[in-house]
$ cat model-v2.pdb   # PDB, C-alpha atoms
ATOM      1  CA  MET A1237      85.415  80.720 104.492
ATOM      2  CA  SER A1238      85.241  81.236 108.264
ATOM      3  CA  ARG A1239      81.706  81.107 109.682
ATOM      4  CA  LEU A1240      82.719  83.868 112.111
ATOM      5  CA  HIS A1241      84.142  86.256 109.505
ATOM      6  CA  ARG A1242      81.450  88.138 107.579
ATOM      7  CA  PRO A1243      83.137  90.123 104.780
ATOM      8  CA  ALA A1244      81.659  93.408 103.589
ATOM      9  CA  GLY A1245      78.601  92.773 101.433
ATOM     10  CA  THR A1246      77.567  89.496 103.033
ATOM     11  CA  LEU A1247      75.289  91.195 105.600
ATOM     12  CA  GLU A1248      73.735  93.775 103.284
ATOM     13  CA  ASP A1249      70.049  94.635 103.603
ATOM     14  CA  GLY A1250      69.070  96.515 100.474
ATOM     15  CA  ARG A1251      71.227  99.632 100.424
ATOM     16  CA  ASP A1252      72.171  99.272 104.089
ATOM     17  CA  PRO A1253      75.628  97.736 104.618
ATOM     18  CA  ILE A1254      74.795  95.562 107.646
ATOM     19  CA  LEU A1255      71.804  93.857 109.219
ATOM     20  CA  LEU A1256      72.935  91.357 111.856
ATOM     21  CA  THR A1257      70.551  90.174 114.562
ATOM     22  CA  ALA A1258      71.249  87.795 117.429
ATOM     23  CA  GLU A1259      69.268  85.169 115.524
ATOM     24  CA  THR A1260      71.299  85.464 112.333
ATOM     25  CA  ALA A1261      74.540  85.495 114.350
ATOM     26  CA  GLY A1262      73.480  82.253 116.018
ATOM     27  CA  TRP A1263      73.578  83.508 119.586
ATOM     28  CA  SER A1264      71.331  85.243 122.152
ATOM     29  CA  TYR A1265      72.093  88.927 122.725
ATOM     30  CA  VAL A1266      74.199  91.041 120.387
ATOM     31  CA  GLY A1267      73.379  92.551 117.003
ATOM     32  CA  LEU A1268      74.469  95.360 114.691
ATOM     33  CA  ARG A1269      72.855  97.439 111.983
ATOM     34  CA  VAL A1270      74.602  99.967 109.754
ATOM     35  CA  LEU A1271      72.248 102.266 107.853
ATOM     36  CA  ARG A1272      72.808 104.582 104.892
ATOM     37  CA  LEU A1273      70.633 107.699 104.951
ATOM     38  CA  ALA A1274      70.279 109.808 101.841
ATOM     39  CA  ALA A1275      70.262 113.603 102.202
ATOM     40  CA  GLY A1276      66.951 114.663 103.713
ATOM     41  CA  GLU A1277      65.687 111.100 104.082
ATOM     42  CA  ALA A1278      63.670 110.090 107.157
ATOM     43  CA  ARG A1279      64.021 106.468 108.277
ATOM     44  CA  ARG A1280      61.628 104.957 110.809
ATOM     45  CA  LEU A1281      62.666 101.914 112.807
ATOM     46  CA  HIS A1282      61.206  99.850 115.636
ATOM     47  CA  THR A1283      63.739  98.511 118.117
ATOM     48  CA  GLY A1284      61.628  95.510 119.196
ATOM     49  CA  GLU A1285      63.368  93.520 121.949
ATOM     50  CA  TYR A1286      66.694  95.325 121.400
ATOM     51  CA  GLU A1287      68.131  98.436 123.039
ATOM     52  CA  ALA A1288      70.566 100.350 120.815
ATOM     53  CA  PHE A1289      73.024 103.173 120.498
ATOM     54  CA  VAL A1290      72.704 105.536 117.527
ATOM     55  CA  LEU A1291      76.312 106.191 116.508
ATOM     56  CA  PRO A1292      77.133 108.340 113.447
ATOM     57  CA  LEU A1293      79.995 106.874 111.436
ATOM     58  CA  VAL A1294      79.874 109.475 108.650
ATOM     59  CA  GLY A1295      77.755 112.621 108.776
ATOM     60  CA  SER A1296      75.334 113.938 111.366
ATOM     61  CA  CYS A1297      71.712 113.106 112.125
ATOM     62  CA  THR A1298      68.639 113.923 114.181
ATOM     63  CA  VAL A1299      67.015 111.223 116.315
ATOM     64  CA  ARG A1300      63.359 111.462 117.317
ATOM     65  CA  VAL A1301      62.163 108.913 119.867
ATOM     66  CA  ASP A1302      59.681 108.830 122.778
ATOM     67  CA  GLY A1303      58.841 112.505 122.289
ATOM     68  CA  GLU A1304      62.506 113.523 122.482
ATOM     69  CA  THR A1305      64.648 115.051 119.737
ATOM     70  CA  PHE A1306      68.436 114.636 119.752
ATOM     71  CA  ASP A1307      70.660 116.431 117.238
ATOM     72  CA  LEU A1308      73.831 114.372 116.900
ATOM     73  CA  ALA A1309      76.919 116.223 115.679
ATOM     74  CA  GLY A1310      78.775 113.534 113.758
ATOM     75  CA  ARG A1311      81.998 113.411 111.787
ATOM     76  CA  ASP A1312      83.500 113.180 108.315
ATOM     77  CA  SER A1313      85.063 109.796 109.140
ATOM     78  CA  VAL A1314      85.557 107.510 112.132
ATOM     79  CA  PHE A1315      89.218 108.565 111.878
ATOM     80  CA  THR A1316      88.540 112.298 112.325
ATOM     81  CA  ARG A1317      86.455 112.866 115.464
ATOM     82  CA  VAL A1318      84.703 111.424 118.479
ATOM     83  CA  THR A1319      80.970 111.734 117.799
ATOM     84  CA  ASP A1320      77.779 112.502 119.688
ATOM     85  CA  PHE A1321      75.496 109.495 120.132
ATOM     86  CA  ALA A1322      72.098 108.542 121.538
ATOM     87  CA  TYR A1323      70.653 105.644 123.519
ATOM     88  CA  VAL A1324      67.328 104.238 122.312
ATOM     89  CA  PRO A1325      65.370 101.746 124.443
ATOM     90  CA  ARG A1326      63.625  98.511 123.479
ATOM     91  CA  GLU A1327      60.075  98.670 122.095
ATOM     92  CA  ALA A1328      60.658 102.159 120.726
ATOM     93  CA  GLU A1329      59.701 103.832 117.461
ATOM     94  CA  MET A1330      62.507 106.090 116.295
ATOM     95  CA  GLU A1331      62.999 108.342 113.309
ATOM     96  CA  LEU A1332      66.431 109.174 111.902
ATOM     97  CA  VAL A1333      66.930 112.150 109.598
ATOM     98  CA  SER A1334      70.151 113.485 108.076
ATOM     99  CA  ARG A1335      70.204 116.808 106.267
ATOM    100  CA  ALA A1336      73.327 115.995 104.202
ATOM    101  CA  GLY A1337      73.249 112.185 104.303
ATOM    102  CA  ALA A1338      74.908 109.871 106.795
ATOM    103  CA  GLU A1339      76.056 106.375 107.651
ATOM    104  CA  ILE A1340      74.803 105.331 111.079
ATOM    105  CA  ALA A1341      75.772 102.332 113.233
ATOM    106  CA  LEU A1342      73.207 100.815 115.590
ATOM    107  CA  PRO A1343      75.032  98.501 118.013
ATOM    108  CA  MET A1344      72.265  96.659 119.846
ATOM    109  CA  ALA A1345      71.513  94.056 122.488
ATOM    110  CA  ARG A1346      68.448  92.069 123.497
ATOM    111  CA  CYS A1347      67.319  93.210 126.923
ATOM    112  CA  GLN A1348      64.427  93.051 129.388
ATOM    113  CA  ARG A1349      64.217  96.502 130.979
ATOM    114  CA  ARG A1350      62.836  99.447 129.033
ATOM    115  CA  LEU A1351      64.763 102.602 129.903
ATOM    116  CA  SER A1352      64.308 106.157 128.656
ATOM    117  CA  ALA A1353      65.965 107.580 125.556
ATOM    118  CA  ARG A1354      69.049 109.684 126.241
ATOM    119  CA  TYR A1355      71.631 111.888 124.478
ATOM    120  CA  GLY A1356      75.397 111.407 124.804
ATOM    121  CA  ALA A1357      77.682 114.373 124.077
ATOM    122  CA  ALA A1358      81.033 113.828 122.365
ATOM    123  CA  GLU A1359      82.807 116.111 124.835
ATOM    124  CA  ASP A1360      81.793 113.788 127.687
ATOM    125  CA  VAL A1361      83.284 110.661 126.084
ATOM    126  CA  PRO A1362      86.585 109.548 127.680
ATOM    127  CA  VAL A1363      89.388 108.778 125.243
ATOM    128  CA  GLU A1364      91.936 106.298 126.609
ATOM    129  CA  VAL A1365      95.423 105.565 125.294
ATOM    130  CA  ARG A1366      96.064 101.889 125.995
ATOM    131  CA  GLY A1367      99.271  99.872 125.649
ATOM    132  CA  ALA A1368     102.727 101.073 124.665
ATOM    133  CA  GLY A1369     105.130 101.009 121.741
ATOM    134  CA  ARG A1370     103.694  99.086 118.805
ATOM    135  CA  ALA A1371     100.829  97.906 121.004
ATOM    136  CA  THR A1372      99.493 101.467 121.484
ATOM    137  CA  ARG A1373      95.904 102.187 120.495
ATOM    138  CA  GLN A1374      93.077 104.610 121.239
ATOM    139  CA  VAL A1375      89.955 103.369 123.039
ATOM    140  CA  THR A1376      86.899 105.638 122.827
ATOM    141  CA  ASN A1377      84.783 104.581 125.803
ATOM    142  CA  PHE A1378      81.390 105.998 124.902
ATOM    143  CA  GLY A1379      79.154 103.111 125.991
ATOM    144  CA  ILE A1380      80.943 101.105 128.673
ATOM    145  CA  PRO A1381      80.141 100.433 132.348
ATOM    146  CA  GLY A1382      81.531 103.123 134.604
ATOM    147  CA  VAL A1383      81.155 105.729 131.858
ATOM    148  CA  TRP A1384      77.666 105.172 130.461
ATOM    149  CA  GLU A1385      75.395 103.481 132.992
ATOM    150  CA  HIS A1386      72.137 104.055 131.128
ATOM    151  CA  ALA A1387      71.695 100.637 129.487
ATOM    152  CA  ASP A1388      70.355  97.234 130.493
ATOM    153  CA  LYS A1389      72.689  94.828 128.626
ATOM    154  CA  LEU A1390      74.473  96.799 125.923
ATOM    155  CA  ASN A1391      78.205  97.662 126.027
ATOM    156  CA  ALA A1392      80.077  99.364 123.194
ATOM    157  CA  CYS A1393      83.328 101.192 122.508
ATOM    158  CA  GLU A1394      85.447 102.275 119.531
ATOM    159  CA  LEU A1395      89.136 101.624 118.917
ATOM    160  CA  ILE A1396      91.598 103.266 116.550
ATOM    161  CA  THR A1397      94.891 101.495 115.897
ATOM    162  CA  PRO A1398      97.565 103.508 114.057
ATOM    163  CA  ASP A1399      99.017 101.791 111.015
ATOM    164  CA  GLY A1400     101.615  99.178 111.900
ATOM    165  CA  ASN A1401     100.340  98.770 115.487
ATOM    166  CA  TRP A1402      98.712  95.869 117.322
ATOM    167  CA  SER A1403      95.575  96.121 119.471
ATOM    168  CA  SER A1404      93.260  93.802 121.424
ATOM    169  CA  TYR A1405      96.515  92.525 122.860
ATOM    170  CA  PRO A1406      97.382  90.496 124.877
ATOM    171  CA  PRO A1407      94.708  88.063 123.653
ATOM    172  CA  HIS A1408      91.805  87.905 126.088
ATOM    173  CA  LYS A1409      88.413  86.259 126.509
ATOM    174  CA  HIS A1410      85.090  86.630 128.291
ATOM    175  CA  ASP A1411      83.246  83.332 127.926
ATOM    176  CA  HIS A1412      83.021  82.028 131.518
ATOM    177  CA  ALA A1413      81.686  83.502 134.754
ATOM    178  CA  THR A1414      84.802  83.546 136.957
ATOM    179  CA  ASP A1415      86.584  85.889 139.348
ATOM    180  CA  CYS A1416      88.165  87.766 136.437
ATOM    181  CA  GLU A1417      85.697  87.519 133.547
ATOM    182  CA  VAL A1418      82.023  87.522 132.588
ATOM    183  CA  VAL A1419      80.249  85.870 129.668
ATOM    184  CA  ASN A1420      79.806  88.195 126.689
ATOM    185  CA  GLU A1421      79.078  87.739 123.002
ATOM    186  CA  GLU A1422      81.079  90.241 120.959
ATOM    187  CA  ILE A1423      81.055  91.816 117.514
ATOM    188  CA  TYR A1424      84.042  93.496 115.873
ATOM    189  CA  TYR A1425      83.052  95.872 113.042
ATOM    190  CA  PHE A1426      86.079  97.066 111.066
ATOM    191  CA  ARG A1427      86.776 100.220 109.082
ATOM    192  CA  ILE A1428      90.183 100.473 107.393
ATOM    193  CA  ALA A1429      91.519 103.832 106.240
ATOM    194  CA  GLY A1430      93.124 104.294 102.850
ATOM    195  CA  ARG A1431      96.294 106.142 101.960
ATOM    196  CA  ASP A1432      95.119 109.465 103.416
ATOM    197  CA  ALA A1433      94.655 107.790 106.840
ATOM    198  CA  ILE A1434      91.113 109.219 106.990
ATOM    199  CA  THR A1435      88.898 107.884 104.220
ATOM    200  CA  PRO A1436      87.788 104.245 104.593
ATOM    201  CA  SER A1437      88.879 102.129 101.644
ATOM    202  CA  ARG A1438      88.897  98.476 100.598
ATOM    203  CA  GLU A1439      92.478  98.951  99.412
ATOM    204  CA  GLY A1440      93.976  98.415 102.851
ATOM    205  CA  PHE A1441      93.664  95.526 105.266
ATOM    206  CA  GLY A1442      94.427  94.297 108.760
ATOM    207  CA  MET A1443      94.634  90.967 110.554
ATOM    208  CA  HIS A1444      92.437  89.483 113.283
ATOM    209  CA  ARG A1445      92.913  86.365 115.423
ATOM    210  CA  THR A1446      90.398  84.382 117.522
ATOM    211  CA  TYR A1447      91.218  80.993 119.082
ATOM    212  CA  THR A1448      90.442  78.649 121.959
ATOM    213  CA  ALA A1449      92.883  76.816 124.197
ATOM    214  CA  ASP A1450      91.587  73.453 122.951
ATOM    215  CA  GLY A1451      92.148  74.434 119.305
ATOM    216  CA  GLU A1452      88.483  74.087 118.342
ATOM    217  CA  LEU A1453      88.589  77.698 117.164
ATOM    218  CA  ASP A1454      91.748  78.856 115.393
ATOM    219  CA  GLU A1455      90.873  81.790 113.130
ATOM    220  CA  ASN A1456      93.473  84.019 111.495
ATOM    221  CA  VAL A1457      91.830  86.262 108.909
ATOM    222  CA  ALA A1458      92.609  89.303 106.815
ATOM    223  CA  VAL A1459      89.959  91.958 107.458
ATOM    224  CA  ARG A1460      89.085  94.821 105.141
ATOM    225  CA  ASP A1461      86.902  97.889 105.363
ATOM    226  CA  GLY A1462      83.320  97.019 106.309
ATOM    227  CA  ASP A1463      84.012  93.472 107.535
ATOM    228  CA  VAL A1464      82.424  91.997 110.659
ATOM    229  CA  PHE A1465      83.879  89.309 112.918
ATOM    230  CA  LEU A1466      81.775  87.387 115.458
ATOM    231  CA  ILE A1467      83.299  86.223 118.732
ATOM    232  CA  PRO A1468      81.031  83.738 120.516
ATOM    233  CA  ARG A1469      83.859  82.547 122.773
ATOM    234  CA  GLY A1470      87.604  82.111 122.934
ATOM    235  CA  TYR A1471      90.628  84.392 123.101
ATOM    236  CA  HIS A1472      90.613  87.264 120.627
ATOM    237  CA  GLY A1473      93.546  89.362 119.618
ATOM    238  CA  PRO A1474      95.597  90.682 118.247
ATOM    239  CA  CYS A1475      94.072  92.971 115.669
ATOM    240  CA  VAL A1476      96.942  94.234 113.531
ATOM    241  CA  ALA A1477      96.795  97.328 111.330
ATOM    242  CA  ALA A1478      98.947  96.813 108.242
ATOM    243  CA  PRO A1479     101.581  99.501 107.640
ATOM    244  CA  GLY A1480     100.004 102.370 105.724
ATOM    245  CA  TYR A1481      96.416 101.549 106.778
ATOM    246  CA  PRO A1482      95.039 102.700 110.148
ATOM    247  CA  MET A1483      92.356 100.434 111.617
ATOM    248  CA  TYR A1484      89.098 101.297 113.396
ATOM    249  CA  TYR A1485      86.732  98.841 114.982
ATOM    250  CA  LEU A1486      83.492  99.090 116.893
ATOM    251  CA  ASN A1487      83.139  96.545 119.705
ATOM    252  CA  VAL A1488      79.617  95.510 120.735
ATOM    253  CA  LEU A1489      79.187  93.223 123.753
ATOM    254  CA  ALA A1490      76.349  91.794 125.852
ATOM    255  CA  GLY A1491      75.672  88.661 127.837
ATOM    256  CA  PRO A1492      73.558  86.998 130.514
ATOM    257  CA  ALA A1493      75.154  88.574 133.625
ATOM    258  CA  PRO A1494      72.663  90.591 135.711
ATOM    259  CA  GLU A1495      75.044  93.580 135.718
ATOM    260  CA  ARG A1496      76.759  94.984 132.627
ATOM    261  CA  SER A1497      80.471  94.203 132.554
ATOM    262  CA  MET A1498      83.318  93.913 130.061
ATOM    263  CA  ALA A1499      85.598  91.965 132.431
ATOM    264  CA  PHE A1500      88.034  89.600 130.709
ATOM    265  CA  CYS A1501      90.942  87.235 131.319
ATOM    266  CA  ASP A1502      94.184  87.341 129.338
ATOM    267  CA  ASP A1503      95.652  84.271 127.732
ATOM    268  CA  PRO A1504      98.078  83.313 130.533
ATOM    269  CA  ALA A1505     100.763  82.547 127.943
ATOM    270  CA  HIS A1506     100.920  86.217 126.926
ATOM    271  CA  THR A1507      99.740  88.301 129.876
ATOM    272  CA  TRP A1508     103.378  89.015 130.846
ATOM    273  CA  VAL A1509     103.513  91.469 127.942
ATOM    274  CA  ARG A1510     101.439  93.955 129.949
ATOM    275  CA  ASP A1511     104.243  94.231 132.512
ATOM    276  CA  THR A1512     106.664  95.445 129.841
ATOM    277  CA  TRP A1513     104.581  98.493 128.950
ATOM    278  CA  ALA A1514     105.689 100.417 132.054
ATOM    279  CA  SER A1515     109.156 100.788 130.531
ATOM    280  CA  ILE A1516     108.034 101.580 126.950
ATOM    281  CA  ASP A1517     106.713 104.935 125.746
ATOM    282  CA  PRO A1518     103.265 105.031 124.159
ATOM    283  CA  ASP A1519     103.100 105.713 120.429
ATOM    284  CA  PRO A1520     102.850 109.537 120.149
ATOM    285  CA  ARG A1521     100.267 109.149 117.372
ATOM    286  CA  CYS A1522      97.709 108.313 120.090
ATOM    287  CA  PRO A1523      95.241 109.654 120.856
ATOM    288  CA  VAL A1524      94.253 110.028 117.218
ATOM    289  CA  THR A1525      90.965 111.857 117.756
ATOM    290  CA  GLY A1526      88.939 113.736 120.359
ATOM    291  CA  HIS A1527      85.644 115.603 120.414
ATOM    292  CA  ARG A1528      87.315 118.585 118.753
ATOM    293  CA  GLY A1529      88.689 116.468 115.900
ATOM    294  CA  ARG A1530      92.054 114.950 115.047
ATOM    295  CA  MET A1531      94.750 115.480 117.645
TER     296      MET A1531
END
$ encode --input "model-v2.pdb" --output "structure tokens"
Amino acid sequence: MSRLHRPAGTLEDGRDPILLTAETAGWSYVGLRVLRLAAGEARRLHTGEYEAFVLPLVGSCTVRVDGETFDLAGRDSVFTRVTDFAYVPREAEMELVSRAGAEIALPMARCQRRLSARYGAAEDVPVEVRGAGRATRQVTNFGIPGVWEHADKLNACELITPDGNWSSYPPHKHDHATDCEVVNEEIYYFRIAGRDAITPSREGFGMHRTYTADGELDENVAVRDGDVFLIPRGYHGPCVAAPGYPMYYLNVLAGPAPERSMAFCDDPAHTWVRDTWASIDPDPRCPVTGHRGRM
């Protein structure tokens, strides 16, 4: 088994699907928790040395932190709507409550500065259609530099790839400080829709590739709903959604640079593909979702 591929179930913490810290990942900055809240349940968490986003995957929730209360209007599925979210600083006590039950992602990053808590509205989140033809995908830029500046280290975005399409392509990397890239650790958290193209299911699958130019990393794995893939370095991409099974993934990135950035360099062997997109129409299935729901 790949040490970078963490299939669903291998990161469970009690009834929560995922508990992944920087320590358990074997690096310095990035982590991810996914929590399951029962109807009416109140969960109290301490962020410690991590800042985090509170991102509903299924359902809605209320966040109470630093004397603030944020009501997050969520969604039935990651394939149905762009969601509200909240930013929670390091060294904070927060309480999460969901009236009807929810599944909540907490992308997180070790940081030094303690900022204030803040609410992010779904209607303010830019939805980008990237690529063309079979390389078309939706990028939901809720927590990236230039859109959300209220974070110390943490970067995060969501992608939806229609079934049969390729994303995270051309392959790219961010593991050196150069003119075109910064150093970032990165997590990919996958959800794969079933036959209705909405409800996550372990029936479907996709493919993910991570590799280095020297061949030390050469990972080609089938990913299913709930899987996590760690990218400490190297080129990553493509992610391929198998026909019949749309793919979602949450990207979480952070690194040592003094300013947040998601800058990357393409694999020079494949960067020419970008130039072809100008003459190819985007897949009309994108965008898939917006703050009002499915498009």
$ resolve_selection --input "model-v2.pdb" --expression "the PyMOL selection byres ((chain A and resi 1516-1531) around 7)" --output "ChimeraX atom specification"
/A:1315-1319,1358-1359,1363,1365,1367-1370,1372-1374,1512-1515
$ residues_around --input "model-v2.pdb" --residues "region 1481-1486 of chain A" --least-positions-apart "4" --cutoff "9 Å" --atoms "all atoms listed in the file" --output "count of residues only"
33
$ residues_around --input "model-v2.pdb" --residues "Ala1353 (chain A)" --least-positions-apart "4" --cutoff "12 Å" --atoms "all atoms listed in the file" --output "number ranges by chain"
A: 1283, 1287-1290, 1299-1306, 1321-1330, 1386-1387
$ atom_distance --input "model-v2.pdb" --atom1 "CA of Phe1465 (chain A)" --atom2 "CA of Leu1240 (chain A)"
5.6 Å
$ closest_residue --input "model-v2.pdb" --among "A:Cys1416, A:Asp1511, A:Pro1479, A:Tyr1447" --to "Met1498 (chain A)" --atoms "all atoms listed in the file"
A:Cys1416
$ closest_residue --input "model-v2.pdb" --among "A:His1444, A:Arg1460, A:Arg1311, A:Arg1496" --to "Asn1391 (chain A)" --atoms "all atoms listed in the file"
A:Arg1496
$ atom_distance --input "model-v2.pdb" --atom1 "CA of His1241 (chain A)" --atom2 "CA of Asp1450 (chain A)"
20.0 Å
